[in-house]
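Novice: Got a structure here, written out as structure tokens. Questions coming.
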Amino acid sequence: MLRMELQFYALFMTVLSGIGVGLLFDLLRAVRRFLRPGPLLAALGDLLFWGAATAMVGTGLFLGNWGEYRLYVLVGLLIGLLLYYALASPTVLWLADGLLRAVAWALHLLWELFLRLLWLPLLALAGLLQ
């Protein structure tokens with residue numbers, strides 16, 4: 001049996017892994033709401049999510065209790081997910097939505113600048129050379 005502080009550390013790492021999986025899932029939800037991908041891209045996003053979630057939980061298990069899967073691991077993951085969704089999920093979704101909108105606005109602005117400052121003058125110059 002592990003010493004008490006190691007048991008608390010292992011439980012803490014599983015709770016932290018559950019919080020991380022919840023955060024990762026909310027980021028996927030925000031990107032999906034923003035981009036509205038088709039079925040193929042949605043499936044690719046799911047695959048990437050599960051790969052990242054598996055790596056995150058596996059790393060947490062390895063760091064927390066040397067990769068041993070016990071009942072408290074599942075309990076810790078569920079506690080972490082519940083804590084995340086109860087305390088942080090709405091705020092994270094709101095921030096992610098705002099960040100995605102800001103990035104889209106900045107990219108649109110850069111595209112407009114490119115068109116007006118480079119592309120349209122090049123088209124005008126090409127028209128003069130003909």
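Residue names in the structure tokens use chain letters A, B, ... in the order shown, residue numbers from 1 in each chain, and ligand numbers from 1 in the order shown.
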With only C-alpha atoms counted and 10 Å as the cut-off, give the residues of range 22-51 of chain A in contact with range 73-86 of chain A, each with its shortest interatomic distance in Å and the pair that gives it, as CSV.

Specialist:
residue,atom,partner,partner_atom,distance
A:Gly22,CA,A:Leu81,CA,5.5
A:Leu23,CA,A:Tyr84,CA,7.5
A:Asp26,CA,A:Tyr85,CA,9.2

Novice: If I take CA of Leu48 in chain A and CA of His108 in chain A, how far is one from the other in Å, to one decimal?

Specialist: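 Pair CA of Leu48 in chain A / CA of His108 in chain A returns 26.8 Å.
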
Novice: Which one is closest to Trp66 in chain A: A:Arg32, A:Thr14, A:Leu47, A:Leu129? Count only C-alpha atoms.

Specialist: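 Closest candidate: A:Thr14.
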